[in-house]
There are 2 protein chains.
Amino acid sequence: MSRTAKTPEVPSIGQLDRAAGGLGRQLAQKLRQAIKEGDLQPGEELPSTRALAQSLGVARGTVLEAFEQLIAEGFLEAIRGGSTRVASSLTEIRPASGGARRTTASAKPLPLPSPAEAFAAIARQFLPLPPVPFAVSVPAGAAAPGEVWRRLGNQIRARGKGVPSSYSDPQGALPLRQAIAEYVRRSRSVHCDPSQIIVTAGTQQGLYLSCLTLLDSEDFAWVENPAYWGITAIMETLGPNGRMVRVPVDEEGLVVEEGLRLRPDARVAFVTPSHQYPLGMPLSMARRNALLNWARSNAAWVVEDDYDSELRYAGHPFPSLQGLDPDHVIYLGTFSKILFPSLRIGYAIVPQRLVEAFCGARTLLDRHPPSADQHVLAAFIAEGHLDRHIRRIRGVYAECRSQLSQILQDALPNDLAWLQPSDQGMHLVLWLAPGMDDQAIAIQAARTGVAVRPVSRMYATGSGRPGLILGLGAFPADQIADAARRLASIVTAAAAPKRRKSRS
Amino acid sequence: MSRTAKTPEVPSIGQLDRAAGGLGRQLAQKLRQAIKEGDLQPGEELPSTRALAQSLGVARGTVLEAFEQLIAEGFLEAIRGGSTRVASSLTEIRPASGGARRTTASAKPLPLPSPAEAFAAIARQFLPLPPVPFAVSVPAGAAAPGEVWRRLGNQIRARGKGVPSSYSDPQGALPLRQAIAEYVRRSRSVHCDPSQIIVTAGTQQGLYLSCLTLLDSEDFAWVENPAYWGITAIMETLGPNGRMVRVPVDEEGLVVEEGLRLRPDARVAFVTPSHQYPLGMPLSMARRNALLNWARSNAAWVVEDDYDSELRYAGHPFPSLQGLDPDHVIYLGTFSKILFPSLRIGYAIVPQRLVEAFCGARTLLDRHPPSADQHVLAAFIAEGHLDRHIRRIRGVYAECRSQLSQILQDALPNDLAWLQPSDQGMHLVLWLAPGMDDQAIAIQAARTGVAVRPVSRMYATGSGRPGLILGLGAFPADQIADAARRLASIVTAAAAPKRRKSRS
């Protein structure tokens, strides 16, 4: 193709939502829509990635990402000379769909149901981060369970356990529940027996099951401020907003007195007592007692989200709330953080009288957990591999943590950005100076291959402070250093106009 | 122990709920409670299984089952002489819990939240059936994917796909979505591309995602009468009962005109057009057109649950509703039936504009599907193993079906029980004479190791007819024959008193 060849028109793909992030995905979706609606015809050539990037004001990598995705899906095809066009094969596929579309020409336009709008917003907001620093829980290098997991899996599946089988117990496989009961007793002073354990698809499902089971439509729940997005998003979509009472967090964790003042009659409190999410402080012993006293005297429940308590770098942990009061506490644990997220196995430990209810709710959601990996995990725990793995990754994450802290402290002025003190967990919080836009910085960071989440989004509207959540990962040291420096320079640059303004 | 030793007291474990089934599980739960509450003390000996069975009026096998479960869980232990006692080790575990209990002595009693009651009832009602005839979809013998599945899995996991990884796309892995798109196009005339596919944890999750995404709290939905319990149970627990409009089914499937009369303004229709569940007839072409016309002119959605359309024994299938109108149809498929249920992988194929909403809802439920088996399944489909597997099990199920039909027809008088005609699917419906109690018969059958589901439960209250759902399975021929004869004799015996009465 000569350089003077006619540049194809940029299709009218409208605005991308920069605040939502995931620009590549958004662009792919817009292009799909344009093809579906006939705005882009089969065989039609697209603008070059450079031209399209320029006209949209995005990085060329974003356009490349969208094109690659659509080529993989068969919407686009690469042609000679490095150009891309709408796949010509689409003409063959379209008749049925096209026919239907013709008959619907006079039909009513199909409005998106209002829950669909809400869920679509969640999908845009919580796109998984790419596996680059500082995405959390990326089981790379030394943090991956590696060959032991694979070989043990092959053995278990060959031996007969974990082979294809029929519908089974919504509660999960007994050998795994036995292994979990023993593990949480040793590591977290959780008192339970296997009959109280419901194997879940991870903490998110544990939270969802708890909401379904414990909250009636008129009931209120305490939720920390700031909190894990997984619980606030459930509360916002499952019921009217009023059901969620945001209770502030201070250096001792959840301010129980504030909860008592706002909504003493709440039915459930959702807390992260080992390591407040995202801020990282443990709930103090006095607050633990206050919280359990409230639960006991108000016949309320406490949902204890213990998502990464295995990763302590100093000091002794408080015992679990569950161990202090097994009758009022629902304990949620997960293997996503310490083993790997793509396993999708966690657990809810519930008072005996709630077991059937959790089983029923699980049955409605997806019947039961897949069986094979439950048996592999049971053996992995029982044979001591999990303990060894945790000891190893504790060292890996401690190393990563100290490297990252050092670089950020050296590269960033103290009045611009500083680290939240914490002695455990798989992430750090980097606070930013008041007035800085953490969402914009997160988007900019993503463009340079650095994955961070803005802290302000974890707060109730209007109460947020700017900051960034940096996941620790077993990335090579030079990759961590690079990413940390890139992030530091983005933060510094973002502050520059403001600084200049305040000086003038 | 001498035969004259003092027989231990039968603990006061109250009444078992016979109608709910799962007596062994119920008994285990009562015993656990008694131990927890100190009614049974550590080291205390239990009555013999025979004595306990007699005093409760249940089969000895039921008591054995409960004891074995509790021994596995560590509540009970077997002692010499064949007796069983409360595990003495429980004394070591109890202090923390006991301590908490003392402090709660003056606390308010903890009432079960009302949603918990509803979910507990669901758990009792939908206990998975044991893997005996006639449980549905038991991947035994010739119907199991067998060694191919396992060896392919080992290869995929070794090659790098499906290895432990981080949080990923709620929509599922692209190679699997590509394989599914191609498979449903060939086999079901479903028109979609991989970007419209959401990998689910099975049909149940597809139904749940559809309800969450498409129905606002005031919206109505058409649900077949009778219908799959999975959809009616969701509708009953998620919203007020009024939201579900039961629409009758006749020999052409869903009576669309009746839906139009009852609730023309419904937002969604849930249907099983290939093979009505549980009755088995396909939705006629005229009704398909009427249903889609309604959807188009009312901006409504049709959820097409195509749970086992692969198993046709005669004739040509109708094309999917989705192929006729991809803009209004959400198509649900599953690998539970044709491959194996413990895999927990299915798919929802949705109009492009609903994709993000389904992804957001999935994110809230459990973030995303586990990754490893998605890659194994993608290769299983792409390499042609699925097609070969389906061809093989079609023969297996056809054989089982004809054997079972023959025995039941020979063993049962026509006026007492008769088979519903159907030429596809993985189950048969055996109708019972009016007035017979299909739930009681199902409970009795379970006691003799025969697993059936009562049909009357699939109907809206008051509109039911008695009948039994018999799943087809690749059990050995003699096992099928035995079970069929046992079932026939239970049905005959159940009818006997009535017959005598009507004669006298």
# chains A, B, ... in the order shown; residues from 1 in each chain; ligands from 1

$ calpha_fit_rmsd --fixed "chain A" --moving "chain B"
0.2 Å

$ residues_around --residues "Gly24 in chain B" --least-positions-apart "3" --cutoff "10 Å" --atoms "only C-alpha atoms" --output "ChimeraX atom specification"
/B:16,21,27-30,58-69

$ select_by_dssp --residues "range 44-276 of chain B" --states "helix (DSSP H, G or I)" --output "PyMOL selection string"
chain B and resi 49-56+60-73+80-82+90-103+114-125+141-143+146-159+174-188+194-196+203-214+229-238+241-243+256-262

$ closest_residue --among "B:Ile13, B:Ala300, B:Val199, B:Val148" --to "Arg32 in chain B" --atoms "only C-alpha atoms"
B:Ile13

$ closest_residue --among "A:Ala378, A:Val450, A:Leu339, A:Ile122" --to "Val138 in chain A" --atoms "only C-alpha atoms"
A:Leu339

$ select_by_dssp --residues "range 159-294 of chain B" --states "strand (DSSP E or B)" --output "number ranges by chain"
B: 160, 162, 197-200, 221-225, 244-250, 253-254, 268-271

$ write_last_selection --atoms "N, CA, C and O atoms" --output "mmCIF file, in the first residue's frame"
data_model
loop_
_atom_site.group_PDB
_atom_site.id
_atom_site.type_symbol
_atom_site.label_atom_id
_atom_site.label_comp_id
_atom_site.auth_asym_id
_atom_site.auth_seq_id
_atom_site.Cartn_x
_atom_site.Cartn_y
_atom_site.Cartn_z
ATOM 1 N N GLY B 160 0.831 -25.486 29.660
ATOM 2 C CA GLY B 160 0.881 -24.072 30.045
ATOM 3 C C GLY B 160 -0.483 -23.420 30.086
ATOM 4 O O GLY B 160 -0.725 -22.546 30.889
ATOM 5 N N GLY B 162 -4.199 -23.250 31.270
ATOM 6 C CA GLY B 162 -4.868 -23.855 32.407
ATOM 7 C C GLY B 162 -3.978 -23.978 33.624
ATOM 8 O O GLY B 162 -4.341 -24.622 34.601
ATOM 9 N N ILE B 197 -20.756 -14.882 24.355
ATOM 10 C CA ILE B 197 -20.868 -16.057 25.224
ATOM 11 C C ILE B 197 -20.326 -15.744 26.612
ATOM 12 O O ILE B 197 -19.238 -15.194 26.745
ATOM 13 N N ILE B 198 -21.093 -16.073 27.626
ATOM 14 C CA ILE B 198 -20.601 -15.996 28.999
ATOM 15 C C ILE B 198 -20.516 -17.436 29.507
ATOM 16 O O ILE B 198 -21.522 -18.146 29.561
ATOM 17 N N VAL B 199 -19.320 -17.863 29.856
ATOM 18 C CA VAL B 199 -19.160 -19.206 30.415
ATOM 19 C C VAL B 199 -19.775 -19.180 31.813
ATOM 20 O O VAL B 199 -19.470 -18.299 32.619
ATOM 21 N N THR B 200 -20.669 -20.119 32.102
ATOM 22 C CA THR B 200 -21.327 -20.152 33.408
ATOM 23 C C THR B 200 -20.908 -21.404 34.177
ATOM 24 O O THR B 200 -20.222 -22.267 33.636
ATOM 25 N N ALA B 221 -42.586 -12.504 35.123
ATOM 26 C CA ALA B 221 -41.956 -13.454 34.198
ATOM 27 C C ALA B 221 -42.888 -14.635 33.980
ATOM 28 O O ALA B 221 -43.540 -15.092 34.913
ATOM 29 N N TRP B 222 -42.956 -15.110 32.739
ATOM 30 C CA TRP B 222 -43.674 -16.348 32.451
ATOM 31 C C TRP B 222 -42.778 -17.527 32.803
ATOM 32 O O TRP B 222 -41.609 -17.571 32.389
ATOM 33 N N VAL B 223 -43.335 -18.482 33.517
ATOM 34 C CA VAL B 223 -42.611 -19.720 33.824
ATOM 35 C C VAL B 223 -43.549 -20.876 33.507
ATOM 36 O O VAL B 223 -44.734 -20.828 33.850
ATOM 37 N N GLU B 224 -43.050 -21.886 32.827
ATOM 38 C CA GLU B 224 -43.886 -23.017 32.427
ATOM 39 C C GLU B 224 -44.503 -23.718 33.642
ATOM 40 O O GLU B 224 -43.943 -23.704 34.727
ATOM 41 N N ASN B 225 -45.644 -24.335 33.420
ATOM 42 C CA ASN B 225 -46.287 -25.147 34.456
ATOM 43 C C ASN B 225 -46.648 -26.493 33.851
ATOM 44 O O ASN B 225 -47.567 -26.560 33.050
ATOM 45 N N MET B 244 -43.883 -14.329 39.470
ATOM 46 C CA MET B 244 -43.844 -15.501 38.604
ATOM 47 C C MET B 244 -45.252 -15.815 38.120
ATOM 48 O O MET B 244 -46.161 -16.003 38.922
ATOM 49 N N VAL B 245 -45.457 -15.861 36.805
ATOM 50 C CA VAL B 245 -46.757 -16.198 36.237
ATOM 51 C C VAL B 245 -46.611 -17.575 35.617
ATOM 52 O O VAL B 245 -45.851 -17.753 34.663
ATOM 53 N N ARG B 246 -47.289 -18.556 36.210
ATOM 54 C CA ARG B 246 -47.162 -19.908 35.678
ATOM 55 C C ARG B 246 -48.058 -20.054 34.461
ATOM 56 O O ARG B 246 -49.273 -19.817 34.541
ATOM 57 N N VAL B 247 -47.499 -20.451 33.333
ATOM 58 C CA VAL B 247 -48.230 -20.589 32.079
ATOM 59 C C VAL B 247 -48.307 -22.081 31.741
ATOM 60 O O VAL B 247 -47.280 -22.754 31.719
ATOM 61 N N PRO B 248 -49.523 -22.587 31.478
ATOM 62 C CA PRO B 248 -49.646 -24.039 31.282
ATOM 63 C C PRO B 248 -48.947 -24.529 30.010
ATOM 64 O O PRO B 248 -48.645 -23.755 29.109
ATOM 65 N N VAL B 249 -48.750 -25.827 29.995
ATOM 66 C CA VAL B 249 -48.073 -26.510 28.897
ATOM 67 C C VAL B 249 -49.046 -27.538 28.350
ATOM 68 O O VAL B 249 -49.727 -28.198 29.130
ATOM 69 N N ASP B 250 -49.193 -27.643 27.018
ATOM 70 C CA ASP B 250 -49.970 -28.752 26.467
ATOM 71 C C ASP B 250 -49.081 -29.556 25.526
ATOM 72 O O ASP B 250 -47.855 -29.444 25.591
ATOM 73 N N GLY B 253 -46.274 -27.801 23.910
ATOM 74 C CA GLY B 253 -45.392 -26.998 24.773
ATOM 75 C C GLY B 253 -46.146 -25.818 25.380
ATOM 76 O O GLY B 253 -47.383 -25.840 25.504
ATOM 77 N N LEU B 254 -45.397 -24.788 25.746
ATOM 78 C CA LEU B 254 -45.980 -23.613 26.405
ATOM 79 C C LEU B 254 -47.183 -23.060 25.628
ATOM 80 O O LEU B 254 -47.097 -22.829 24.422
ATOM 81 N N VAL B 268 -40.067 -11.238 30.748
ATOM 82 C CA VAL B 268 -39.241 -12.385 30.371
ATOM 83 C C VAL B 268 -40.112 -13.635 30.319
ATOM 84 O O VAL B 268 -41.041 -13.766 31.119
ATOM 85 N N ALA B 269 -39.815 -14.530 29.368
ATOM 86 C CA ALA B 269 -40.430 -15.866 29.378
ATOM 87 C C ALA B 269 -39.310 -16.895 29.504
ATOM 88 O O ALA B 269 -38.339 -16.849 28.742
ATOM 89 N N PHE B 270 -39.421 -17.763 30.509
ATOM 90 C CA PHE B 270 -38.452 -18.856 30.670
ATOM 91 C C PHE B 270 -39.050 -20.111 30.036
ATOM 92 O O PHE B 270 -40.116 -20.568 30.467
ATOM 93 N N VAL B 271 -38.393 -20.662 29.032
ATOM 94 C CA VAL B 271 -38.933 -21.828 28.343
ATOM 95 C C VAL B 271 -37.875 -22.895 28.095
ATOM 96 O O VAL B 271 -36.673 -22.607 28.075
#

$ closest_residue --among "B:Glu356, B:Glu45, B:Asp478, B:Asp415" --to "Val491 in chain B" --atoms "only C-alpha atoms"
B:Asp415

$ residues_around --residues "Ser284 in chain A" --least-positions-apart "3" --cutoff "7 Å" --atoms "only C-alpha atoms" --output "PDB file with C-alpha atoms, in the first residue's frame"
ATOM      1  CA  GLU A 252      -8.229   0.469  65.537  1.00  0.00           C
ATOM      2  CA  GLY A 253     -10.437  -0.674  62.630  1.00  0.00           C
ATOM      3  CA  ARG A 287     -13.390  -3.290  69.371  1.00  0.00           C
ATOM      4  CA  ARG A 288     -13.642  -7.045  68.836  1.00  0.00           C
TER       5      ARG A 288
END

$ closest_residue --among "A:Val355, A:Val302, A:Ile349, A:Ala173" --to "chain B" --atoms "only C-alpha atoms"
A:Val355

$ residues_around --residues "Ala433 in chain A" --least-positions-apart "4" --cutoff "9 Å" --atoms "only C-alpha atoms" --output "PyMOL selection string"
chain A and resi 415-418+465-467+495

$ write_last_selection --atoms "all heavy atoms" --output "mmCIF file, in the first residue's frame"
data_model
loop_
_atom_site.group_PDB
_atom_site.id
_atom_site.type_symbol
_atom_site.label_atom_id
_atom_site.label_comp_id
_atom_site.auth_asym_id
_atom_site.auth_seq_id
_atom_site.Cartn_x
_atom_site.Cartn_y
_atom_site.Cartn_z
ATOM 1 N N ASP A 415 5.318 14.894 51.124
ATOM 2 C CA ASP A 415 4.059 15.642 51.180
ATOM 3 C C ASP A 415 3.167 15.325 49.994
ATOM 4 O O ASP A 415 2.056 15.798 49.899
ATOM 5 C CB ASP A 415 4.340 17.154 51.235
ATOM 6 C CG ASP A 415 5.141 17.621 50.039
ATOM 7 O OD1 ASP A 415 5.776 16.755 49.382
ATOM 8 O OD2 ASP A 415 5.117 18.825 49.753
ATOM 9 N N LEU A 416 3.661 14.527 49.074
ATOM 10 C CA LEU A 416 2.909 14.204 47.865
ATOM 11 C C LEU A 416 2.290 12.819 47.972
ATOM 12 O O LEU A 416 1.162 12.589 47.551
ATOM 13 C CB LEU A 416 3.867 14.248 46.670
ATOM 14 C CG LEU A 416 3.249 14.252 45.286
ATOM 15 C CD1 LEU A 416 2.369 15.478 45.125
ATOM 16 C CD2 LEU A 416 4.359 14.231 44.238
ATOM 17 N N ALA A 417 3.037 11.879 48.545
ATOM 18 C CA ALA A 417 2.565 10.496 48.620
ATOM 19 C C ALA A 417 3.295 9.781 49.739
ATOM 20 O O ALA A 417 4.499 9.959 49.900
ATOM 21 C CB ALA A 417 2.821 9.790 47.291
ATOM 22 N N TRP A 418 2.567 8.989 50.512
ATOM 23 C CA TRP A 418 3.196 8.259 51.617
ATOM 24 C C TRP A 418 2.464 6.936 51.828
ATOM 25 O O TRP A 418 1.290 6.792 51.480
ATOM 26 C CB TRP A 418 3.165 9.115 52.894
ATOM 27 C CG TRP A 418 1.767 9.516 53.299
ATOM 28 C CD1 TRP A 418 0.961 8.913 54.198
ATOM 29 C CD2 TRP A 418 1.009 10.611 52.758
ATOM 30 N NE1 TRP A 418 -0.246 9.545 54.279
ATOM 31 C CE2 TRP A 418 -0.259 10.600 53.406
ATOM 32 C CE3 TRP A 418 1.261 11.606 51.793
ATOM 33 C CZ2 TRP A 418 -1.265 11.534 53.115
ATOM 34 C CZ3 TRP A 418 0.254 12.529 51.509
ATOM 35 C CH2 TRP A 418 -0.978 12.488 52.178
ATOM 36 N N ARG A 465 -10.704 9.565 50.277
ATOM 37 C CA ARG A 465 -9.407 10.227 50.225
ATOM 38 C C ARG A 465 -8.680 9.596 49.047
ATOM 39 O O ARG A 465 -8.856 8.410 48.769
ATOM 40 C CB ARG A 465 -8.615 9.928 51.501
ATOM 41 C CG ARG A 465 -9.239 10.440 52.773
ATOM 42 C CD ARG A 465 -8.566 9.802 53.998
ATOM 43 N NE ARG A 465 -7.119 10.019 54.001
ATOM 44 C CZ ARG A 465 -6.273 9.419 54.844
ATOM 45 N NH1 ARG A 465 -6.733 8.549 55.740
ATOM 46 N NH2 ARG A 465 -4.980 9.659 54.803
ATOM 47 N N PRO A 466 -7.827 10.367 48.365
ATOM 48 C CA PRO A 466 -7.128 9.776 47.224
ATOM 49 C C PRO A 466 -5.969 8.882 47.665
ATOM 50 O O PRO A 466 -5.275 9.188 48.637
ATOM 51 C CB PRO A 466 -6.614 10.987 46.447
ATOM 52 C CG PRO A 466 -6.473 12.061 47.474
ATOM 53 C CD PRO A 466 -7.519 11.806 48.524
ATOM 54 N N GLY A 467 -5.803 7.796 46.959
ATOM 55 C CA GLY A 467 -4.722 6.871 47.258
ATOM 56 C C GLY A 467 -4.725 5.749 46.235
ATOM 57 O O GLY A 467 -5.659 5.643 45.436
ATOM 58 N N ALA A 495 0.925 15.877 40.047
ATOM 59 C CA ALA A 495 0.903 16.914 41.078
ATOM 60 C C ALA A 495 1.474 18.227 40.571
ATOM 61 O O ALA A 495 1.184 19.287 41.118
ATOM 62 C CB ALA A 495 1.706 16.450 42.289
#

$ residues_around --residues "Ala140 in chain B" --least-positions-apart "5" --cutoff "10 Å" --atoms "only C-alpha atoms" --output "PyMOL selection string"
(chain A and resi 164-166) or (chain B and resi 131-132+145-146+340+473-476)

$ write_last_selection --atoms "all heavy atoms" --output "compact mmCIF listing (two decimals), in the first residue's frame"
# COMPACT_ATOMS: atom_id res chain seq x y z
N PRO A 164 -14.74 -37.56 36.91
CA PRO A 164 -16.07 -37.06 36.53
C PRO A 164 -17.16 -37.78 37.32
O PRO A 164 -17.15 -38.99 37.44
CB PRO A 164 -16.15 -37.42 35.04
CG PRO A 164 -14.73 -37.31 34.57
CD PRO A 164 -13.91 -37.83 35.73
N SER A 165 -18.06 -36.99 37.90
CA SER A 165 -19.14 -37.61 38.66
C SER A 165 -20.41 -36.79 38.51
O SER A 165 -20.45 -35.80 37.81
CB SER A 165 -18.73 -37.75 40.12
OG SER A 165 -18.53 -36.46 40.68
N SER A 166 -21.43 -37.23 39.24
CA SER A 166 -22.76 -36.66 39.08
C SER A 166 -22.93 -35.42 39.95
O SER A 166 -21.98 -34.92 40.53
CB SER A 166 -23.78 -37.73 39.45
OG SER A 166 -25.07 -37.30 39.12
N PRO B 131 -25.97 -41.66 43.46
CA PRO B 131 -25.72 -42.18 42.11
C PRO B 131 -26.21 -43.60 41.90
O PRO B 131 -25.44 -44.52 41.71
CB PRO B 131 -24.19 -42.10 41.98
CG PRO B 131 -23.69 -42.20 43.39
CD PRO B 131 -24.74 -41.61 44.27
N VAL B 132 -27.53 -43.76 41.99
CA VAL B 132 -28.16 -45.06 41.75
C VAL B 132 -29.26 -44.83 40.73
O VAL B 132 -29.66 -43.69 40.51
CB VAL B 132 -28.77 -45.64 43.06
CG1 VAL B 132 -27.68 -45.88 44.10
CG2 VAL B 132 -29.85 -44.72 43.63
N PRO B 145 -16.86 -39.75 30.27
CA PRO B 145 -15.88 -39.35 29.26
C PRO B 145 -14.57 -40.09 29.42
O PRO B 145 -13.77 -40.18 28.50
CB PRO B 145 -15.71 -37.85 29.52
CG PRO B 145 -16.14 -37.64 30.93
CD PRO B 145 -17.18 -38.68 31.21
N GLY B 146 -14.37 -40.64 30.63
CA GLY B 146 -13.27 -41.57 30.85
C GLY B 146 -11.86 -41.04 30.65
O GLY B 146 -11.57 -39.89 30.92
N PHE B 340 -20.40 -34.19 32.16
CA PHE B 340 -20.64 -34.64 33.53
C PHE B 340 -20.94 -33.45 34.43
O PHE B 340 -20.36 -32.38 34.27
CB PHE B 340 -19.48 -35.48 34.08
CG PHE B 340 -18.12 -34.83 34.03
CD1 PHE B 340 -17.62 -34.12 35.12
CD2 PHE B 340 -17.34 -34.93 32.90
CE1 PHE B 340 -16.37 -33.55 35.07
CE2 PHE B 340 -16.07 -34.35 32.84
CZ PHE B 340 -15.59 -33.65 33.93
N GLY B 473 -29.48 -43.62 32.76
CA GLY B 473 -28.07 -43.64 33.14
C GLY B 473 -27.42 -44.89 32.60
O GLY B 473 -28.09 -45.88 32.33
N ALA B 474 -26.10 -44.83 32.48
CA ALA B 474 -25.38 -45.97 31.93
C ALA B 474 -25.08 -46.99 33.02
O ALA B 474 -23.98 -47.49 33.13
CB ALA B 474 -24.10 -45.48 31.28
N PHE B 475 -26.08 -47.28 33.84
CA PHE B 475 -25.90 -48.32 34.84
C PHE B 475 -25.94 -49.67 34.14
O PHE B 475 -26.54 -49.80 33.07
CB PHE B 475 -27.01 -48.24 35.89
CG PHE B 475 -26.99 -46.95 36.68
CD1 PHE B 475 -27.91 -45.95 36.39
CD2 PHE B 475 -26.06 -46.74 37.68
CE1 PHE B 475 -27.89 -44.76 37.10
CE2 PHE B 475 -26.04 -45.56 38.39
CZ PHE B 475 -26.96 -44.56 38.10
N PRO B 476 -25.34 -50.70 34.74
CA PRO B 476 -25.41 -52.03 34.12
C PRO B 476 -26.87 -52.46 33.97
O PRO B 476 -27.73 -52.10 34.79
CB PRO B 476 -24.68 -52.93 35.12
CG PRO B 476 -23.85 -52.01 35.96
CD PRO B 476 -24.55 -50.70 35.97

$ residues_around --residues "His389 in chain A" --least-positions-apart "2" --cutoff "10 Å" --atoms "only C-alpha atoms" --output "MDAnalysis selection string"
chainID A and resid 142:146 148 338:339 380:381 384:387 391:394

$ atom_distance --atom1 "CA of Gly462 in chain B" --atom2 "CA of Ala233 in chain B"
16.6 Å

$ closest_residue --among "B:Asp325, B:Pro454, B:His275, B:Ile35" --to "Ala87 in chain B" --atoms "only C-alpha atoms"
B:Ile35
